[in-house]
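Asker: Data: target-v1.pdb, PDB, C-alpha atoms and all ligand atoms.
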ATOM      1  CA  MET A 530      29.362 351.706  36.627
ATOM      2  CA  ASN A 531      31.660 348.647  36.900
ATOM      3  CA  LEU A 532      34.815 348.854  38.983
ATOM      4  CA  ASN A 533      37.768 346.476  38.842
ATOM      5  CA  PHE A 534      39.185 345.849  42.285
ATOM      6  CA  THR A 535      41.599 343.606  44.157
ATOM      7  CA  LYS A 536      40.901 342.341  47.660
ATOM      8  CA  MET A 537      44.080 342.204  49.768
ATOM      9  CA  HIS A 538      45.130 341.976  53.384
ATOM     10  CA  GLY A 539      48.150 342.706  55.548
ATOM     11  CA  ALA A 540      48.119 340.513  58.678
ATOM     12  CA  GLY A 541      44.318 340.393  58.453
ATOM     13  CA  ASN A 542      43.778 344.154  58.049
ATOM     14  CA  ASP A 543      41.794 343.943  54.794
ATOM     15  CA  PHE A 544      41.578 346.270  51.825
ATOM     16  CA  ILE A 545      39.829 346.938  48.549
ATOM     17  CA  VAL A 546      42.500 348.226  46.167
ATOM     18  CA  LEU A 547      41.363 350.298  43.165
ATOM     19  CA  ASN A 548      43.563 351.453  40.310
ATOM     20  CA  ALA A 549      42.527 355.073  39.747
ATOM     21  CA  MET A 550      45.014 355.380  36.866
ATOM     22  CA  ALA A 551      43.070 352.820  34.798
ATOM     23  CA  GLN A 552      39.476 353.759  35.666
ATOM     24  CA  ASP A 553      37.737 357.018  36.488
ATOM     25  CA  LEU A 554      36.945 357.175  40.208
ATOM     26  CA  SER A 555      36.621 360.951  40.375
ATOM     27  CA  GLY A 556      32.843 360.968  40.923
ATOM     28  CA  LEU A 557      32.892 358.521  43.829
ATOM     29  CA  THR A 558      31.891 359.784  47.258
ATOM     30  CA  ALA A 559      32.078 358.735  50.900
ATOM     31  CA  ASP A 560      28.736 356.924  50.383
ATOM     32  CA  ASN A 561      30.359 354.783  47.667
ATOM     33  CA  TRP A 562      33.384 353.943  49.843
ATOM     34  CA  ARG A 563      31.065 352.958  52.704
ATOM     35  CA  ALA A 564      28.944 350.793  50.388
ATOM     36  CA  LEU A 565      31.994 348.991  48.954
ATOM     37  CA  ALA A 566      33.475 348.397  52.429
ATOM     38  CA  ASP A 567      30.187 347.126  53.891
ATOM     39  CA  ARG A 568      30.679 343.516  55.060
ATOM     40  CA  HIS A 569      27.061 342.510  54.431
ATOM     41  CA  PHE A 570      25.998 344.448  51.336
ATOM     42  CA  GLY A 571      29.388 345.207  49.744
ATOM     43  CA  ILE A 572      32.799 343.601  49.222
ATOM     44  CA  GLY A 573      33.844 344.242  52.811
ATOM     45  CA  ALA A 574      37.072 345.880  53.980
ATOM     46  CA  ASP A 575      38.634 347.891  56.787
ATOM     47  CA  GLN A 576      40.028 350.431  54.304
ATOM     48  CA  ILE A 577      39.886 351.305  50.598
ATOM     49  CA  LEU A 578      43.172 352.118  48.872
ATOM     50  CA  LEU A 579      43.477 354.096  45.635
ATOM     51  CA  VAL A 580      46.519 353.789  43.368
ATOM     52  CA  GLU A 581      46.910 357.182  41.686
ATOM     53  CA  ARG A 582      49.315 359.233  39.594
ATOM     54  CA  PRO A 583      51.618 361.333  41.826
ATOM     55  CA  THR A 584      51.565 365.120  41.767
ATOM     56  CA  ILE A 585      55.180 365.380  42.988
ATOM     57  CA  ASP A 586      58.026 365.072  40.434
ATOM     58  CA  GLY A 587      60.207 361.997  40.782
ATOM     59  CA  VAL A 588      57.742 360.088  42.971
ATOM     60  CA  ASP A 589      56.366 356.787  41.595
ATOM     61  CA  PHE A 590      52.737 356.753  42.772
ATOM     62  CA  LYS A 591      50.174 358.483  44.943
ATOM     63  CA  TYR A 592      48.305 356.534  47.623
ATOM     64  CA  THR A 593      44.912 357.685  48.917
ATOM     65  CA  ILE A 594      43.172 355.901  51.784
ATOM     66  CA  TYR A 595      39.569 355.803  52.977
ATOM     67  CA  ASN A 596      38.356 354.164  56.175
ATOM     68  CA  GLN A 597      35.403 351.780  56.192
ATOM     69  CA  ASP A 598      33.172 354.685  57.342
ATOM     70  CA  GLY A 599      34.085 356.711  54.213
ATOM     71  CA  SER A 600      36.481 359.125  55.951
ATOM     72  CA  LEU A 601      39.692 360.151  54.187
ATOM     73  CA  VAL A 602      42.811 359.320  56.258
ATOM     74  CA  GLU A 603      46.432 360.344  56.243
ATOM     75  CA  ASN A 604      48.234 357.006  56.464
ATOM     76  CA  CYS A 605      47.804 353.241  56.572
ATOM     77  CA  GLY A 606      50.814 351.021  57.241
ATOM     78  CA  ASN A 607      49.394 347.583  56.372
ATOM     79  CA  GLY A 608      47.853 349.148  53.289
ATOM     80  CA  ALA A 609      51.251 350.492  52.231
ATOM     81  CA  ARG A 610      52.629 346.942  52.148
ATOM     82  CA  CYS A 611      49.682 345.798  50.036
ATOM     83  CA  PHE A 612      50.150 348.851  47.795
ATOM     84  CA  VAL A 613      53.677 347.813  46.752
ATOM     85  CA  LYS A 614      52.610 344.207  46.150
ATOM     86  CA  TYR A 615      49.692 345.447  44.039
ATOM     87  CA  VAL A 616      51.764 347.723  41.772
ATOM     88  CA  SER A 617      54.364 344.981  41.387
ATOM     89  CA  ASP A 618      51.866 342.145  40.664
ATOM     90  CA  LYS A 619      49.948 344.312  38.196
ATOM     91  CA  ALA A 620      53.236 345.245  36.449
ATOM     92  CA  LEU A 621      52.673 348.968  37.061
ATOM     93  CA  THR A 622      56.382 349.116  37.953
ATOM     94  CA  ASP A 623      59.357 346.769  37.877
ATOM     95  CA  LYS A 624      61.088 348.517  40.796
ATOM     96  CA  ARG A 625      61.520 346.649  44.089
ATOM     97  CA  GLU A 626      61.754 349.980  45.947
ATOM     98  CA  ILE A 627      59.088 352.559  45.197
ATOM     99  CA  THR A 628      58.289 356.025  46.441
ATOM    100  CA  VAL A 629      54.702 356.864  47.234
ATOM    101  CA  GLN A 630      53.066 360.209  47.864
ATOM    102  CA  ILE A 631      50.687 360.179  50.836
ATOM    103  CA  ALA A 632      48.773 363.008  52.502
ATOM    104  CA  THR A 633      51.672 363.808  54.846
ATOM    105  CA  GLY A 634      54.693 363.366  52.554
ATOM    106  CA  VAL A 635      56.514 360.633  50.672
ATOM    107  CA  MET A 636      56.916 357.040  51.836
ATOM    108  CA  VAL A 637      59.543 354.525  50.663
ATOM    109  CA  LEU A 638      58.345 350.935  50.269
ATOM    110  CA  THR A 639      60.602 347.929  49.608
ATOM    111  CA  LEU A 640      59.488 344.546  48.324
ATOM    112  CA  ASN A 641      61.843 342.030  49.968
ATOM    113  CA  ASP A 642      63.105 338.788  48.376
ATOM    114  CA  ASP A 643      61.005 336.706  50.793
ATOM    115  CA  ASP A 644      57.865 338.572  49.597
ATOM    116  CA  THR A 645      57.495 340.561  52.807
ATOM    117  CA  VAL A 646      57.472 344.355  52.509
ATOM    118  CA  THR A 647      59.461 346.891  54.510
ATOM    119  CA  VAL A 648      58.038 350.388  54.819
ATOM    120  CA  ASN A 649      59.961 353.449  55.881
ATOM    121  CA  MET A 650      57.109 355.038  57.830
ATOM    122  CA  GLY A 651      58.979 358.289  58.503
ATOM    123  CA  ALA A 652      59.697 359.786  61.908
ATOM    124  CA  PRO A 653      56.849 359.824  64.429
ATOM    125  CA  SER A 654      55.623 363.119  65.800
ATOM    126  CA  LEU A 655      55.533 363.137  69.575
ATOM    127  CA  ASP A 656      53.959 366.533  70.003
ATOM    128  CA  ALA A 657      50.369 366.068  71.203
ATOM    129  CA  SER A 658      49.159 369.075  69.212
ATOM    130  CA  THR A 659      50.010 367.346  65.920
ATOM    131  CA  LEU A 660      47.526 364.500  66.456
ATOM    132  CA  PRO A 661      45.677 366.775  67.302
ATOM    133  CA  ALA A 662      45.030 366.219  71.015
ATOM    134  CA  VAL A 663      43.717 368.823  73.428
ATOM    135  CA  VAL A 664      45.809 368.297  76.556
ATOM    136  CA  ASP A 665      45.471 371.675  78.320
ATOM    137  CA  GLY A 666      44.429 371.077  81.901
ATOM    138  CA  CYS A 667      45.020 367.349  81.523
ATOM    139  CA  ALA A 668      47.202 365.659  84.174
ATOM    140  CA  GLN A 669      50.562 364.498  82.816
ATOM    141  CA  ARG A 670      53.407 362.350  84.075
ATOM    142  CA  GLU A 671      56.764 361.339  82.675
ATOM    143  CA  GLN A 672      57.848 357.729  82.103
ATOM    144  CA  GLY A 673      61.295 357.361  80.550
ATOM    145  CA  SER A 674      61.375 359.988  77.812
ATOM    146  CA  ASP A 675      57.618 359.762  77.204
ATOM    147  CA  THR A 676      54.879 362.030  78.519
ATOM    148  CA  LEU A 677      51.717 360.194  79.521
ATOM    149  CA  TYR A 678      48.385 362.025  79.523
ATOM    150  CA  GLU A 679      45.558 361.179  81.882
ATOM    151  CA  VAL A 680      42.107 360.593  80.476
ATOM    152  CA  LYS A 681      38.986 359.884  82.542
ATOM    153  CA  LEU A 682      36.512 357.351  81.199
ATOM    154  CA  SER A 683      32.745 357.607  81.660
ATOM    155  CA  ASP A 684      32.829 354.791  84.269
ATOM    156  CA  GLY A 685      35.265 356.853  86.380
ATOM    157  CA  HIS A 686      38.363 354.799  85.545
ATOM    158  CA  VAL A 687      41.529 356.623  84.557
ATOM    159  CA  ARG A 688      43.928 355.688  81.749
ATOM    160  CA  TRP A 689      47.430 357.013  81.018
ATOM    161  CA  LEU A 690      47.976 357.426  77.293
ATOM    162  CA  SER A 691      51.051 357.838  75.119
ATOM    163  CA  LEU A 692      50.230 360.094  72.171
ATOM    164  CA  VAL A 693      52.003 359.413  68.873
ATOM    165  CA  SER A 694      51.347 360.623  65.349
ATOM    166  CA  MET A 695      52.449 358.405  62.477
ATOM    167  CA  GLY A 696      50.855 360.916  60.129
ATOM    168  CA  ASN A 697      47.612 359.645  61.678
ATOM    169  CA  PRO A 698      46.760 359.912  65.376
ATOM    170  CA  HIS A 699      47.327 357.164  67.967
ATOM    171  CA  ALA A 700      46.654 356.926  71.713
ATOM    172  CA  VAL A 701      48.411 353.929  73.260
ATOM    173  CA  GLN A 702      48.050 352.364  76.689
ATOM    174  CA  ILE A 703      49.777 349.402  78.320
ATOM    175  CA  VAL A 704      47.523 346.651  79.681
ATOM    176  CA  ASN A 705      48.294 343.490  81.660
ATOM    177  CA  ASP A 706      46.242 341.132  79.496
ATOM    178  CA  VAL A 707      45.362 342.349  76.024
ATOM    179  CA  ASP A 708      42.954 339.465  75.413
ATOM    180  CA  ALA A 709      40.877 340.604  78.373
ATOM    181  CA  ALA A 710      41.126 344.342  77.570
ATOM    182  CA  PRO A 711      37.799 346.115  76.866
ATOM    183  CA  VAL A 712      38.925 347.047  73.348
ATOM    184  CA  GLN A 713      35.445 347.427  71.844
ATOM    185  CA  THR A 714      33.869 349.599  74.523
ATOM    186  CA  GLU A 715      36.861 351.602  75.661
ATOM    187  CA  GLY A 716      38.207 351.885  72.122
ATOM    188  CA  ALA A 717      34.921 353.360  70.928
ATOM    189  CA  GLU A 718      34.793 355.783  73.863
ATOM    190  CA  LEU A 719      38.362 357.019  73.423
ATOM    191  CA  GLU A 720      38.096 357.204  69.614
ATOM    192  CA  THR A 721      35.493 359.953  69.986
ATOM    193  CA  HIS A 722      36.723 361.513  73.267
ATOM    194  CA  SER A 723      36.715 365.332  73.319
ATOM    195  CA  MET A 724      40.495 365.197  73.848
ATOM    196  CA  PHE A 725      40.759 364.170  70.173
ATOM    197  CA  PRO A 726      38.953 366.638  67.885
ATOM    198  CA  ARG A 727      39.738 364.565  64.779
ATOM    199  CA  LYS A 728      39.217 361.265  66.639
ATOM    200  CA  VAL A 729      42.017 358.799  67.354
ATOM    201  CA  ASN A 730      43.180 355.214  66.820
ATOM    202  CA  VAL A 731      43.281 353.469  70.206
ATOM    203  CA  GLY A 732      46.038 350.927  70.936
ATOM    204  CA  PHE A 733      46.108 348.361  73.778
ATOM    205  CA  MET A 734      49.571 346.827  74.196
ATOM    206  CA  GLN A 735      50.720 343.991  76.439
ATOM    207  CA  VAL A 736      54.488 343.813  76.912
ATOM    208  CA  LEU A 737      55.599 340.156  76.799
ATOM    209  CA  ASN A 738      59.274 341.036  76.951
ATOM    210  CA  GLN A 739      61.482 343.938  75.809
ATOM    211  CA  GLN A 740      61.314 342.790  72.197
ATOM    212  CA  HIS A 741      57.845 341.290  71.939
ATOM    213  CA  ILE A 742      54.406 342.790  72.452
ATOM    214  CA  LYS A 743      50.814 341.748  71.844
ATOM    215  CA  LEU A 744      48.668 344.506  70.402
ATOM    216  CA  ARG A 745      45.023 345.193  69.645
ATOM    217  CA  VAL A 746      43.888 348.431  68.014
ATOM    218  CA  PHE A 747      40.447 349.985  67.833
ATOM    219  CA  GLU A 748      40.822 351.946  64.622
ATOM    220  CA  ARG A 749      39.286 355.319  63.964
ATOM    221  CA  GLY A 750      36.598 354.871  61.322
ATOM    222  CA  ALA A 751      36.809 351.077  61.224
ATOM    223  CA  GLY A 752      36.519 349.621  64.757
ATOM    224  CA  GLU A 753      38.817 346.864  65.974
ATOM    225  CA  THR A 754      40.846 345.398  63.102
ATOM    226  CA  LEU A 755      42.996 342.250  63.063
ATOM    227  CA  ALA A 756      46.100 344.427  62.631
ATOM    228  CA  CYS A 757      47.001 348.108  62.383
ATOM    229  CA  GLY A 758      50.416 348.939  60.904
ATOM    230  CA  THR A 759      50.613 352.549  62.027
ATOM    231  CA  GLY A 760      49.205 351.365  65.386
ATOM    232  CA  ALA A 761      52.060 348.851  65.699
ATOM    233  CA  CYS A 762      54.596 351.610  64.937
ATOM    234  CA  ALA A 763      52.974 353.962  67.468
ATOM    235  CA  ALA A 764      52.900 351.260  70.171
ATOM    236  CA  VAL A 765      56.579 350.400  69.677
ATOM    237  CA  VAL A 766      57.584 354.075  69.686
ATOM    238  CA  ALA A 767      55.593 354.578  72.904
ATOM    239  CA  GLY A 768      57.053 351.429  74.491
ATOM    240  CA  ILE A 769      60.640 352.414  73.645
ATOM    241  CA  ARG A 770      60.100 355.936  74.949
ATOM    242  CA  ARG A 771      58.592 354.566  78.163
ATOM    243  CA  GLY A 772      61.710 352.400  78.623
ATOM    244  CA  GLU A 773      59.715 349.151  78.325
ATOM    245  CA  LEU A 774      60.924 348.049  74.857
ATOM    246  CA  VAL A 775      64.147 347.767  72.869
ATOM    247  CA  SER A 776      64.227 347.874  69.044
ATOM    248  CA  PRO A 777      63.531 345.764  66.982
ATOM    249  CA  VAL A 778      60.201 344.618  68.384
ATOM    250  CA  ARG A 779      58.020 341.706  67.284
ATOM    251  CA  VAL A 780      54.370 342.756  67.360
ATOM    252  CA  SER A 781      51.822 339.926  67.587
ATOM    253  CA  VAL A 782      48.423 341.049  66.400
ATOM    254  CA  ARG A 783      45.274 338.961  66.015
ATOM    255  CA  GLY A 784      45.911 338.538  62.276
ATOM    256  CA  GLY A 785      49.646 337.817  62.287
ATOM    257  CA  GLU A 786      53.051 339.277  63.079
ATOM    258  CA  LEU A 787      54.773 342.568  62.291
ATOM    259  CA  ASN A 788      58.334 343.640  62.955
ATOM    260  CA  ILE A 789      59.017 347.223  63.956
ATOM    261  CA  ALA A 790      62.405 348.925  64.259
ATOM    262  CA  TRP A 791      63.027 352.426  65.573
ATOM    263  CA  ALA A 792      66.397 353.997  66.456
ATOM    264  CA  GLY A 793      64.885 356.797  68.562
ATOM    265  CA  ALA A 794      63.876 360.464  68.416
ATOM    266  CA  GLY A 795      64.039 362.048  64.979
ATOM    267  CA  GLN A 796      64.573 358.675  63.259
ATOM    268  CA  ALA A 797      62.251 356.892  60.852
ATOM    269  CA  VAL A 798      60.242 353.860  61.953
ATOM    270  CA  TYR A 799      60.642 350.727  59.778
ATOM    271  CA  MET A 800      57.823 348.227  59.565
ATOM    272  CA  THR A 801      58.166 344.787  57.959
ATOM    273  CA  GLY A 802      55.299 342.377  57.406
ATOM    274  CA  PRO A 803      53.223 340.404  54.931
ATOM    275  CA  ALA A 804      51.067 341.555  52.021
ATOM    276  CA  VAL A 805      48.584 339.080  50.546
ATOM    277  CA  THR A 806      46.274 339.140  47.526
ATOM    278  CA  VAL A 807      42.949 337.417  48.155
ATOM    279  CA  PHE A 808      41.186 337.801  44.785
ATOM    280  CA  ASP A 809      40.495 340.116  41.849
ATOM    281  CA  GLY A 810      36.919 341.084  41.077
ATOM    282  CA  GLN A 811      34.523 343.460  39.408
ATOM    283  CA  VAL A 812      31.735 345.227  41.223
ATOM    284  CA  SER A 813      28.864 347.300  39.920
ATOM    285  CA  ILE A 814      28.038 350.503  41.814
TER     286      ILE A 814
HETATM  287  N1  LIG B 901      44.848 350.077  59.209
HETATM  288  C1  LIG B 901      45.740 351.131  59.185
HETATM  289  C2  LIG B 901      45.322 352.494  59.612
HETATM  290  C3  LIG B 901      44.143 353.033  58.784
HETATM  291  C4  LIG B 901      43.739 354.438  59.141
HETATM  292  C5  LIG B 901      43.233 354.606  60.552
HETATM  293  N2  LIG B 901      42.031 353.853  60.803
HETATM  294  C6  LIG B 901      42.987 356.095  60.803
HETATM  295  O1  LIG B 901      41.822 356.538  60.756
HETATM  296  O2  LIG B 901      43.950 356.808  61.041
HETATM  297  C7  LIG B 901      47.196 350.797  59.329
HETATM  298  O3  LIG B 901      47.554 349.643  59.018
HETATM  299  O4  LIG B 901      47.995 351.659  59.662
END
How does the structure come out when it is put into structure tokens?
Ligand SMILES: N[C@@H](CCC[C@H](N)C(=O)O)C(=O)O

Answerer:
Amino acid sequence: MNLNFTKMHGAGNDFIVLNAMAQDLSGLTADNWRALADRHFGIGADQILLVERPTIDGVDFKYTIYNQDGSLVENCGNGARCFVKYVSDKALTDKREITVQIATGVMVLTLNDDDTVTVNMGAPSLDASTLPAVVDGCAQREQGSDTLYEVKLSDGHVRWLSLVSMGNPHAVQIVNDVDAAPVQTEGAELETHSMFPRKVNVGFMQVLNQQHIKLRVFERGAGETLACGTGACAAVVAGIRRGELVSPVRVSVRGGELNIAWAGAGQAVYMTGPAVTVFDGQVSI
């Protein structure tokens, strides 16, 4: 079977985008997603994005996301920016603002005149149970309006985590020097920690000033990526709640820059950043 695909990236977080409205992808399985995403034997990508017909009236498209390891996920912020560029470039719509059905609701995406994309990511959930996270018996402390949860690592060190759901789960900690942070080892340990029954995306944020952070994220199902859009939103939400940040916040990630704005509890998070097409191709699976 031949598949038409487009390789894209958002600040270095890279994607294989497949139009499921123009080709039949219904028989594909987690093994196929893993094979396509494989960086040695496949096309290579952090996530695979499907452009589908919506099942909700009045919504423009449906967006389904798979991680590199084949797992189905609820949300992907950098992917959302690439999604709107894809449907616009492929003339699947002439709207500059589109609505997209995702696993947790409907997202509004806007293609800006300067070719960046702004995504209304919806309001974060700050209730640990929604991630889900098992926090019974776990030490807690308050910082600003945030609750930090203590987690013990296998080497005996302790970390204090902010827990934020952007539809997908994030555990965020503040570090002094993000370039020196043990993102690979600690990220992998926390991703699969028993506190997180459905695993977690692990963010390491260095506060440069109240409106600028550096961020690295060890993503659930993909390892460390050059950028994580939902991770950037979660980090900024956590930083504002802790009293360390003021909206809007510039987020420097290894693959570029994102801008995140959040007006506080109950409000939607807005993410603005780039979306880039790398090439179109056909692959046989
Ligand atoms: N790269 C993403 C997040 C993709 C999903 C994540 N790995 C998860 O498992 O929740 C982004 O830009 O938000």

Asker: Which residues would end up in the selection if the PyMOL selection byres (((chain A and resi 718) around 12) and not hetatm) were applied here, given that I need the answer as JSON, numbers by chain?

Answerer: {"A": [680, 681, 682, 683, 684, 711, 712, 713, 714, 715, 716, 717, 719, 720, 721, 722, 723, 724, 725, 728, 729, 730, 731, 747, 748, 749, 752]}

Asker: Show me which residues line ligand LIG 901 (chain B), defined as having an atom within 6 Å of a ligand atom where all atoms listed in the file count, and present them as a list in words.

Answerer: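 For ligand LIG 901 (chain B), the residues inside 6 Å are Asn596, Val602, Asn604, Cys605, Gly606, Asn607, Gly608, Asn697, Glu748, Arg749, Gly750, Ala751, Cys757, Gly758, Thr759 and Gly760 of chain A.
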
Asker: What's around stretch 763-771 of chain A at 8 Å? Count all atoms listed in the file, leave out sequence neighbours fewer than 3 positions away in its own chain, and write the answer as a list in words.

Answerer: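 Residues meeting the cut-off are Pro653, Gln672, Gly673, Ser674, Asp675, Ser691, Leu692, Val693, Ser694, Met695, His699, Val701, Gly732, Met734, Leu744, Thr759, Gly760, Leu774, Val775, Ser776, Val778, Ile789, Trp791 and Gly793 of chain A.
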
Asker: A:Glu626: which residues within 8 Å, counting all atoms listed in the file, same-chain residues fewer than 3 positions away excluded, as a JSON list (two decimals) with C-alpha atoms, in the coordinates of the input?

Answerer:
[["chain", "number", "residue", "atom", "x", "y", "z"],
["A", 637, "VAL", "CA", 59.54, 354.52, 50.66],
["A", 638, "LEU", "CA", 58.34, 350.94, 50.27],
["A", 639, "THR", "CA", 60.60, 347.93, 49.61],
["A", 640, "LEU", "CA", 59.49, 344.55, 48.32]]

Asker: Apply the PyMOL selection byres (((chain A and resi 708) around 10) and not hetatm) to the displayed file and report the matching residues as JSON, numbers by chain.

Answerer: {"A": [704, 705, 706, 707, 709, 710, 711, 712, 733, 734, 735, 743, 744, 745, 783]}

Asker: One number please: atom CA of A:Phe808 to atom CA of A:Asp575, in Å, one decimal.

Answerer: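 Atom CA of A:Asp575 lies at a distance of 15.9 Å from atom CA of A:Phe808.
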
Asker: Can you fill out stretch 670-694 of chain A with N, CA and C atoms and hand it back as a JSON list (two decimals), in the coordinates of the input?

Answerer:
[["chain", "number", "residue", "atom", "x", "y", "z"],
["A", 670, "ARG", "N", 52.24, 362.83, 83.32],
["A", 670, "ARG", "CA", 53.41, 362.35, 84.08],
["A", 670, "ARG", "C", 54.44, 361.81, 83.10],
["A", 671, "GLU", "N", 55.68, 361.80, 83.55],
["A", 671, "GLU", "CA", 56.76, 361.34, 82.68],
["A", 671, "GLU", "C", 57.06, 359.87, 82.98],
["A", 672, "GLN", "N", 57.31, 359.09, 81.94],
["A", 672, "GLN", "CA", 57.85, 357.73, 82.10],
["A", 672, "GLN", "C", 58.94, 357.58, 81.07],
["A", 673, "GLY", "N", 60.18, 357.37, 81.49],
["A", 673, "GLY", "CA", 61.30, 357.36, 80.55],
["A", 673, "GLY", "C", 61.34, 358.72, 79.87],
["A", 674, "SER", "N", 61.39, 358.70, 78.52],
["A", 674, "SER", "CA", 61.38, 359.99, 77.81],
["A", 674, "SER", "C", 59.99, 360.31, 77.28],
["A", 675, "ASP", "N", 58.98, 359.54, 77.71],
["A", 675, "ASP", "CA", 57.62, 359.76, 77.20],
["A", 675, "ASP", "C", 56.81, 360.60, 78.20],
["A", 676, "THR", "N", 55.86, 361.34, 77.67],
["A", 676, "THR", "CA", 54.88, 362.03, 78.52],
["A", 676, "THR", "C", 53.56, 361.28, 78.39],
["A", 677, "LEU", "N", 53.00, 360.89, 79.52],
["A", 677, "LEU", "CA", 51.72, 360.19, 79.52],
["A", 677, "LEU", "C", 50.64, 361.20, 79.93],
["A", 678, "TYR", "N", 49.49, 361.10, 79.27],
["A", 678, "TYR", "CA", 48.38, 362.02, 79.52],
["A", 678, "TYR", "C", 47.24, 361.25, 80.15],
["A", 679, "GLU", "N", 46.66, 361.85, 81.19],
["A", 679, "GLU", "CA", 45.56, 361.18, 81.88],
["A", 679, "GLU", "C", 44.23, 361.46, 81.18],
["A", 680, "VAL", "N", 43.45, 360.40, 81.01],
["A", 680, "VAL", "CA", 42.11, 360.59, 80.48],
["A", 680, "VAL", "C", 41.15, 359.86, 81.40],
["A", 681, "LYS", "N", 40.00, 360.51, 81.67],
["A", 681, "LYS", "CA", 38.99, 359.88, 82.54],
["A", 681, "LYS", "C", 37.90, 359.29, 81.68],
["A", 682, "LEU", "N", 37.56, 358.03, 81.96],
["A", 682, "LEU", "CA", 36.51, 357.35, 81.20],
["A", 682, "LEU", "C", 35.16, 357.61, 81.86],
["A", 683, "SER", "N", 34.08, 357.32, 81.13],
["A", 683, "SER", "CA", 32.74, 357.61, 81.66],
["A", 683, "SER", "C", 32.43, 356.77, 82.91],
["A", 684, "ASP", "N", 33.10, 355.61, 83.08],
["A", 684, "ASP", "CA", 32.83, 354.79, 84.27],
["A", 684, "ASP", "C", 33.70, 355.21, 85.45],
["A", 685, "GLY", "N", 34.46, 356.32, 85.28],
["A", 685, "GLY", "CA", 35.26, 356.85, 86.38],
["A", 685, "GLY", "C", 36.71, 356.34, 86.38],
["A", 686, "HIS", "N", 36.99, 355.29, 85.59],
["A", 686, "HIS", "CA", 38.36, 354.80, 85.54],
["A", 686, "HIS", "C", 39.26, 355.80, 84.82],
["A", 687, "VAL", "N", 40.55, 355.71, 85.14],
["A", 687, "VAL", "CA", 41.53, 356.62, 84.56],
["A", 687, "VAL", "C", 42.51, 355.81, 83.72],
["A", 688, "ARG", "N", 42.90, 356.33, 82.59],
["A", 688, "ARG", "CA", 43.93, 355.69, 81.75],
["A", 688, "ARG", "C", 45.05, 356.69, 81.49],
["A", 689, "TRP", "N", 46.27, 356.17, 81.35],
["A", 689, "TRP", "CA", 47.43, 357.01, 81.02],
["A", 689, "TRP", "C", 47.86, 356.68, 79.60],
["A", 690, "LEU", "N", 47.78, 357.66, 78.72],
["A", 690, "LEU", "CA", 47.98, 357.43, 77.29],
["A", 690, "LEU", "C", 49.28, 358.03, 76.79],
["A", 691, "SER", "N", 49.96, 357.27, 75.92],
["A", 691, "SER", "CA", 51.05, 357.84, 75.12],
["A", 691, "SER", "C", 50.40, 358.34, 73.84],
["A", 692, "LEU", "N", 50.81, 359.52, 73.39],
["A", 692, "LEU", "CA", 50.23, 360.09, 72.17],
["A", 692, "LEU", "C", 51.31, 360.15, 71.10],
["A", 693, "VAL", "N", 51.02, 359.51, 69.96],
["A", 693, "VAL", "CA", 52.00, 359.41, 68.87],
["A", 693, "VAL", "C", 51.28, 359.65, 67.56],
["A", 694, "SER", "N", 51.87, 360.49, 66.70],
["A", 694, "SER", "CA", 51.35, 360.62, 65.35],
["A", 694, "SER", "C", 52.28, 359.91, 64.38]]
